[in-house]
Protein chains: 2
Amino acid sequence: MSEVAERRGRGRPRKQRDGASAKSAILKAATEEFAERGYDAASLRAIARRAGVDSALVHHYFDDKADLFTASLDAPLRPDRILGVILAGPRDEVGASIVRLLVRQLDDARSQARIVAILRTALGSGPGSRMLKEFLTREVFVRLAALAGGDDADLRANLAASQLVGLMLTRFVLKLEPVAHADADELARRIGPVIQWHLFGDVQGGTVRPGSAGTQQLP
Amino acid sequence: MSEVAERRGRGRPRKQRDGASAKSAILKAATEEFAERGYDAASLRAIARRAGVDSALVHHYFDDKADLFTASLDAPLRPDRILGVILAGPRDEVGASIVRLLVRQLDDARSQARIVAILRTALGSGPGSRMLKEFLTREVFVRLAALAGGDDADLRANLAASQLVGLMLTRFVLKLEPVAHADADELARRIGPVIQWHLFGDVQGGTVRPGSAGTQQLP
């Protein structure tokens with residue numbers, strides 16, 4: 001879209017500036033707002049105010065809070081969207097699909113550098129940790145828990161997340177070999193069943209018997 | 001052991017100083033040596049030289065390099081020793097035992113504060129990351145891989161580690177609820193089978209069928 005077309009859109013900025021600079025002001029304001037207030041308490045309205053633009057302009061550039069949040073982090077993937085795609089597919093393939101998509105979307109050096117920076121922020125002691133935890137809880141874990149169902153749904157979602165976080169850290173941050181260079185299908189075959197187990201496995205049975213839940217035909 | 005007895009032992013320091021200060025000089029020297037050279041290249045001899053004490057005194061205070069390394073980090077647990085205990089037990093219980101011991105040994109606030117600091121160092125971009133990766137590779141992963149056996153033993157050890165690292169991060173660093181407060185037996189029941197699967201599961205079979213490997217009677 002040309003700059004002129006953007007100015008004529010519903011998101012006309014209060015102050016006259018070109019689209020690129022308005023967008024970058026919004027991103028800067030979002031970065032500050034999320035860091036100060038966390039993901040849950042931050043609002044698009046407050047971000048617009050901070051950026052000195054109309055709220056409509058924020059909606060013109062960004063679909064929703066998750067979109068603006070991931071853009072402000074320059075995130076190399078959208079965990080909420082990945083999850084949306086996967087939840088639309090067969091339940092038996094959830095684990096392998098999550099692993100495969102996560103690995104494939106982080107397959108280039110630039111994405112890996114960004115995810116390492118974001119993981120370090122998430123695991124650090126600064127304000128970035130809180131906002132990332134809130135984002136992941138609201139946009140990812142709550143939906144994984146809804147998928148798992150049952151009284152222990154939140155614990156199941158936590159544990160599925162623990163395996164995915166552990167994979168990303170050993171592969172991208174610690175760079176352990178051979179996991180750092182294992183291919184996406186190999187990792188999906190090995191870790192997919194673990195995610196299925198955490199989400200759906202019969203953990204009360206005393207014996208691990210992946211039945212309809214843990215057993216899955218692999219692609 | 002009294003100070004006098006220590007001075008009369010085989011680890012008589014070159015310079016006259018009391019035991020506590022010699023030990024603390026050794027720990028300081030070890031911290032520097034490990035940070036500069038990594039775990040693999042650091043030597044007890046070089047650490048003694050750096051501390052200005054006889055090598056015998058280092059051996060008097062510390063069993064081996066792993067002991068000195070974990071002491072210099074003020075580590076709340078000895079992963080190499082935990083593994084030694086577990087490897088002496090039944091193969092079917094390896095996964096549940098690792099999880100239970102890891103969680104129990106990190107059950108108090110002080111241990112948790114230390115493990116969080118160490119995890120952040122391991123995942124950071126400083127020299128601490130290299131020394132911790134080398135320590136874990138040599139003292140833990142190599143032995144897990146030997147236990148798993150087969151052509152893919154190193155990958156299996158990496159993936160078992162990925163689940164354990166992920167557990168520690170979600171529990172102690174991110175403090176996700178409910179995993180942050182789940183009890184050791186519950187976690188052993190849920191994560192033990194995952195460690196068994198990574199180490200011994202039939203990952204080539206196309207279908208997850210924990211047989212002699214993945215199936216385990218839970219305690």
# chains A, B, ... in the order shown; residues from 1 in each chain; ligands from 1
call {"tool": "select_by_dssp", "arguments": {"residues": "segment 4-196 of chain B", "states": "alpha helix (DSSP H)", "output": "PyMOL selection string"}}
result
chain B and resi 4-8+19-41+44-51+55-61+65-72+79-87+94-105+109-123+127-136+142-148+153-168+184-196
call {"tool": "residues_around", "arguments": {"residues": "segment 74-77 of chain A", "least_positions_apart": "6", "cutoff": "7 Å", "atoms": "only C-alpha atoms", "output": "ChimeraX atom specification"}}
result
/A:105,111,114-115
call {"tool": "residues_around", "arguments": {"residues": "Arg138 of chain B", "least_positions_apart": "3", "cutoff": "10 Å", "atoms": "only C-alpha atoms", "output": "list in words"}}
result
Tyr39, Asp40, Ala66, Asp80, Leu132, Lys133, Glu134, Phe135, Phe141, Val142 and Arg143 of chain B
call {"tool": "atom_distance", "arguments": {"atom1": "atom CA of Asp152 of chain A", "atom2": "atom CA of Asp108 of chain B"}}
result
24.6 Å
call {"tool": "atom_distance", "arguments": {"atom1": "atom CA of Ser24 of chain A", "atom2": "atom CA of Arg45 of chain A"}}
result
16.2 Å
call {"tool": "residues_around", "arguments": {"residues": "segment 117-121 of chain B", "least_positions_apart": "4", "cutoff": "8 Å", "atoms": "only C-alpha atoms", "output": "list in words"}}
result
Leu123 and Gly124 of chain A; Leu73, Ala75, Ala113, Ser125, Gly126, Gly128, Ser129 and Leu169 of chain B
call {"tool": "residues_around", "arguments": {"residues": "segment 170-178 of chain B", "least_positions_apart": "2", "cutoff": "7 Å", "atoms": "only C-alpha atoms", "output": "ChimeraX atom specification"}}
result
/A:123,154-155,158,162 /B:112,116,166-168,180-182
call {"tool": "closest_residue", "arguments": {"among": "A:Asp63, A:Pro127, A:Leu106, A:Arg91", "to": "Glu33 of chain A", "atoms": "only C-alpha atoms"}}
result
A:Pro127
call {"tool": "closest_residue", "arguments": {"among": "B:Asp185, B:Ala29, B:Asp67, B:Val179", "to": "chain A", "atoms": "only C-alpha atoms"}}
result
B:Val179
call {"tool": "atom_distance", "arguments": {"atom1": "atom CA of Glu93 of chain A", "atom2": "atom CA of Val165 of chain B"}}
result
24.5 Å
call {"tool": "residues_around", "arguments": {"residues": "Gly149 of chain A", "least_positions_apart": "6", "cutoff": "9 Å", "atoms": "only C-alpha atoms", "output": "ChimeraX atom specification"}}
result
/A:156,199-200
call {"tool": "write_last_selection", "arguments": {"atoms": "C-alpha atoms", "output": "PDB file, in the first residue's frame"}}
result
ATOM      1  CA  ARG A 156      -0.505 -30.799  31.132  1.00  0.00           C
ATOM      2  CA  LEU A 199      -1.455 -33.343  26.753  1.00  0.00           C
ATOM      3  CA  PHE A 200      -3.461 -36.554  26.491  1.00  0.00           C
TER       4      PHE A 200
END
call {"tool": "closest_residue", "arguments": {"among": "B:Ala122, B:Glu139, B:Met131, B:Ser43", "to": "chain A", "atoms": "only C-alpha atoms"}}
result
B:Ala122
call {"tool": "closest_residue", "arguments": {"among": "A:Leu83, A:Ala41, A:Leu68, A:Ala148", "to": "Leu102 of chain A", "atoms": "only C-alpha atoms"}}
result
A:Leu83
